[in-house]
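A.B. asks: Right, I'll just put the structure down here and ask away after.
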Amino acid sequence: MIHDFTKVKKIYIICGRTDMRKGIDGLATLVQDSFQLDPYCDAIFLFSGWSRDRYKCLYFDGDGFALLYKRIDNGKLQWPKNEAEVRNLSHQELRWLLEGLSLSQPKAIAKSSKGVF
């Protein structure tokens, strides 16, 4: 499976702690039943466990699910803690999260609504 994930329309982070023993079926059921989202849509769903040093990424590519798993050797993710929340992330916020940064970057340049100069 080769896929360009930069073209994915939605990125969802399942906040709080997820049981990392869950596989594809368990995570897809969690997305559907707990958050009323469609696991078959063009979206990435991110999950993290208790230790915040690993995450899983669930993606449906049209003919099946892919489950990506990563364990970070040094450091922890700054994963949001609200168990009942799911957030829609931008590609920039995803980069911040996976680089170990907080999702809220107060010194980041805000997007301009006026367009290009």
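Residues in the structure tokens are named by chain (A, B, ... in the order shown) and by number from 1 within that chain; ligands are numbered from 1 in the order shown.
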Let's see if you can do this: from backbone DSSP, list all alpha helix (DSSP H) residues in region 5-116 of chain A, as a list in words.

C.D. replies: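 Result set for region 5-116 of chain A (alpha helix (DSSP H)): Ile24, Asp25, Gly26, Leu27, Ala28, Thr29, Leu30, Val31, Gln32, Asp33, Ser34, Phe35, His91, Gln92, Glu93, Leu94, Arg95, Trp96, Leu97 and Leu98 of chain A.
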
A.B. asks: Near region 72-79 of chain A, counting only C-alpha atoms, which residues have an atom at most 8 Å away, once you skip same-chain residues fewer than 6 positions from it, shown as a VMD selection string?

C.D. replies: chain A and resid 15 to 16 48 51 to 54 97 to 103

A.B. asks: Grab the residues selected above and save them as a compact mmCIF listing (two decimals), in the first residue's frame with N, CA and C atoms.

C.D. replies:
```txt
# COMPACT_ATOMS: atom_id res chain seq x y z
N CYS A 15 -8.87 12.17 21.42
CA CYS A 15 -8.18 12.69 22.60
C CYS A 15 -8.28 11.70 23.76
N GLY A 16 -7.48 11.90 24.75
CA GLY A 16 -7.47 11.01 25.90
C GLY A 16 -6.70 9.74 25.59
N SER A 48 -3.77 7.34 20.92
CA SER A 48 -2.59 7.16 21.76
C SER A 48 -3.01 6.51 23.06
N SER A 51 0.92 5.82 27.98
CA SER A 51 2.29 6.34 28.12
C SER A 51 2.61 7.48 27.17
N ARG A 52 1.78 7.72 26.16
CA ARG A 52 1.95 8.79 25.18
C ARG A 52 3.27 8.72 24.43
N ASP A 53 3.89 7.55 24.40
CA ASP A 53 5.12 7.40 23.61
C ASP A 53 4.87 6.56 22.36
N ARG A 54 3.60 6.31 22.07
CA ARG A 54 3.24 5.55 20.87
C ARG A 54 1.85 5.98 20.41
N LEU A 97 2.13 17.94 16.46
CA LEU A 97 1.88 16.84 17.40
C LEU A 97 2.93 15.74 17.25
N LEU A 98 3.19 15.32 16.03
CA LEU A 98 4.11 14.21 15.80
C LEU A 98 5.57 14.61 16.00
N GLU A 99 5.84 15.91 16.08
CA GLU A 99 7.19 16.38 16.40
C GLU A 99 7.35 16.62 17.90
N GLY A 100 6.31 16.29 18.69
CA GLY A 100 6.39 16.44 20.14
C GLY A 100 5.97 17.80 20.66
N LEU A 101 5.41 18.63 19.78
CA LEU A 101 4.99 19.98 20.18
C LEU A 101 3.52 19.98 20.58
N SER A 102 3.13 21.03 21.26
CA SER A 102 1.73 21.21 21.63
C SER A 102 0.91 21.58 20.40
N LEU A 103 -0.36 21.21 20.40
CA LEU A 103 -1.24 21.57 19.28
C LEU A 103 -1.51 23.06 19.23
```

A.B. asks: To one decimal place in Å, what is the distance between CA of Ala66 (chain A) and CA of Ile24 (chain A)?

C.D. replies: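 If I compute the distance from CA of Ala66 (chain A) to CA of Ile24 (chain A), I get 7.9 Å.
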
A.B. asks: Out of A:Phe60, A:Gly26, A:Val31, A:Asp38, which residue has the shortest atom-to-atom distance to Ile14 (chain A) when counting only C-alpha atoms?

C.D. replies: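 Looking only at the distances to Ile14 (chain A), the closest residue turns out to be A:Val31.
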
A.B. asks: For Asp25 (chain A), work out the shell of residues within 12 Å, counting only C-alpha atoms and skipping chain neighbours fewer than 4 positions away, then give it as a list in words.

C.D. replies: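 The neighbour list is Arg21, Thr29, Leu30, Val31, Gln32, Asp33, Pro39, Tyr40, Leu58, Tyr59, Phe60, Gly64, Phe65, Ala66 and Leu67 of chain A.
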
A.B. asks: For N, CA and C atoms, I'd like the residues from the last selection saved as a short mmCIF file (atom, residue, chain, number, x, y, z; two decimals), in the first residue's frame.

C.D. replies:
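So result-v2.cif came out as:
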```cif
data_model
loop_
_atom_site.label_atom_id
_atom_site.label_comp_id
_atom_site.auth_asym_id
_atom_site.auth_seq_id
_atom_site.Cartn_x
_atom_site.Cartn_y
_atom_site.Cartn_z
N ARG A 21 -4.26 -2.04 22.85
CA ARG A 21 -4.38 -3.45 22.45
C ARG A 21 -5.41 -3.62 21.34
N THR A 29 -14.70 0.49 15.41
CA THR A 29 -15.92 0.48 16.21
C THR A 29 -15.93 1.66 17.17
N LEU A 30 -14.80 1.96 17.78
CA LEU A 30 -14.69 3.11 18.68
C LEU A 30 -15.01 4.41 17.95
N VAL A 31 -14.47 4.58 16.77
CA VAL A 31 -14.72 5.78 15.96
C VAL A 31 -16.21 5.90 15.66
N GLN A 32 -16.82 4.79 15.27
CA GLN A 32 -18.22 4.79 14.85
C GLN A 32 -19.17 4.93 16.04
N ASP A 33 -18.98 4.13 17.08
CA ASP A 33 -19.94 4.10 18.18
C ASP A 33 -19.76 5.22 19.20
N PRO A 39 -15.67 5.62 9.87
CA PRO A 39 -14.28 5.17 9.69
C PRO A 39 -13.94 4.88 8.22
N TYR A 40 -14.94 4.82 7.35
CA TYR A 40 -14.72 4.54 5.92
C TYR A 40 -14.54 5.81 5.08
N LEU A 58 -5.35 4.96 11.94
CA LEU A 58 -6.28 4.12 11.20
C LEU A 58 -6.73 4.87 9.95
N TYR A 59 -6.68 4.17 8.80
CA TYR A 59 -7.06 4.78 7.53
C TYR A 59 -7.69 3.74 6.62
N PHE A 60 -8.81 4.11 5.98
CA PHE A 60 -9.46 3.24 5.00
C PHE A 60 -9.09 3.76 3.62
N GLY A 64 -9.68 -1.48 1.91
CA GLY A 64 -9.35 -2.08 3.20
C GLY A 64 -8.75 -1.05 4.14
N PHE A 65 -8.62 -1.45 5.40
CA PHE A 65 -8.05 -0.57 6.41
C PHE A 65 -6.55 -0.77 6.51
N ALA A 66 -5.86 0.32 6.79
CA ALA A 66 -4.43 0.28 7.11
C ALA A 66 -4.30 0.75 8.55
N LEU A 67 -3.47 0.08 9.30
CA LEU A 67 -3.20 0.47 10.68
C LEU A 67 -1.70 0.69 10.82
#
```

A.B. asks: Quick one: residues within 8 Å of Asp19 (chain A), only C-alpha atoms, excluding same-chain residues fewer than 3 positions away - as an mmCIF file with N, CA and C atoms, in the first residue's frame?

C.D. replies:
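The resulting file, out-v2.cif, is reproduced below:
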```cif
data_model
loop_
_atom_site.group_PDB
_atom_site.id
_atom_site.type_symbol
_atom_site.label_atom_id
_atom_site.label_comp_id
_atom_site.auth_asym_id
_atom_site.auth_seq_id
_atom_site.Cartn_x
_atom_site.Cartn_y
_atom_site.Cartn_z
ATOM 1 N N LYS A 22 -6.230 -2.591 21.122
ATOM 2 C CA LYS A 22 -7.258 -2.665 20.078
ATOM 3 C C LYS A 22 -6.609 -2.730 18.700
ATOM 4 N N SER A 48 -3.771 7.342 20.920
ATOM 5 C CA SER A 48 -2.589 7.156 21.758
ATOM 6 C C SER A 48 -3.013 6.506 23.063
ATOM 7 N N GLY A 49 -2.060 5.861 23.712
ATOM 8 C CA GLY A 49 -2.337 5.135 24.949
ATOM 9 C C GLY A 49 -1.918 5.893 26.191
ATOM 10 N N TRP A 50 -1.725 5.147 27.269
ATOM 11 C CA TRP A 50 -1.417 5.711 28.576
ATOM 12 C C TRP A 50 -0.060 6.409 28.602
#
```
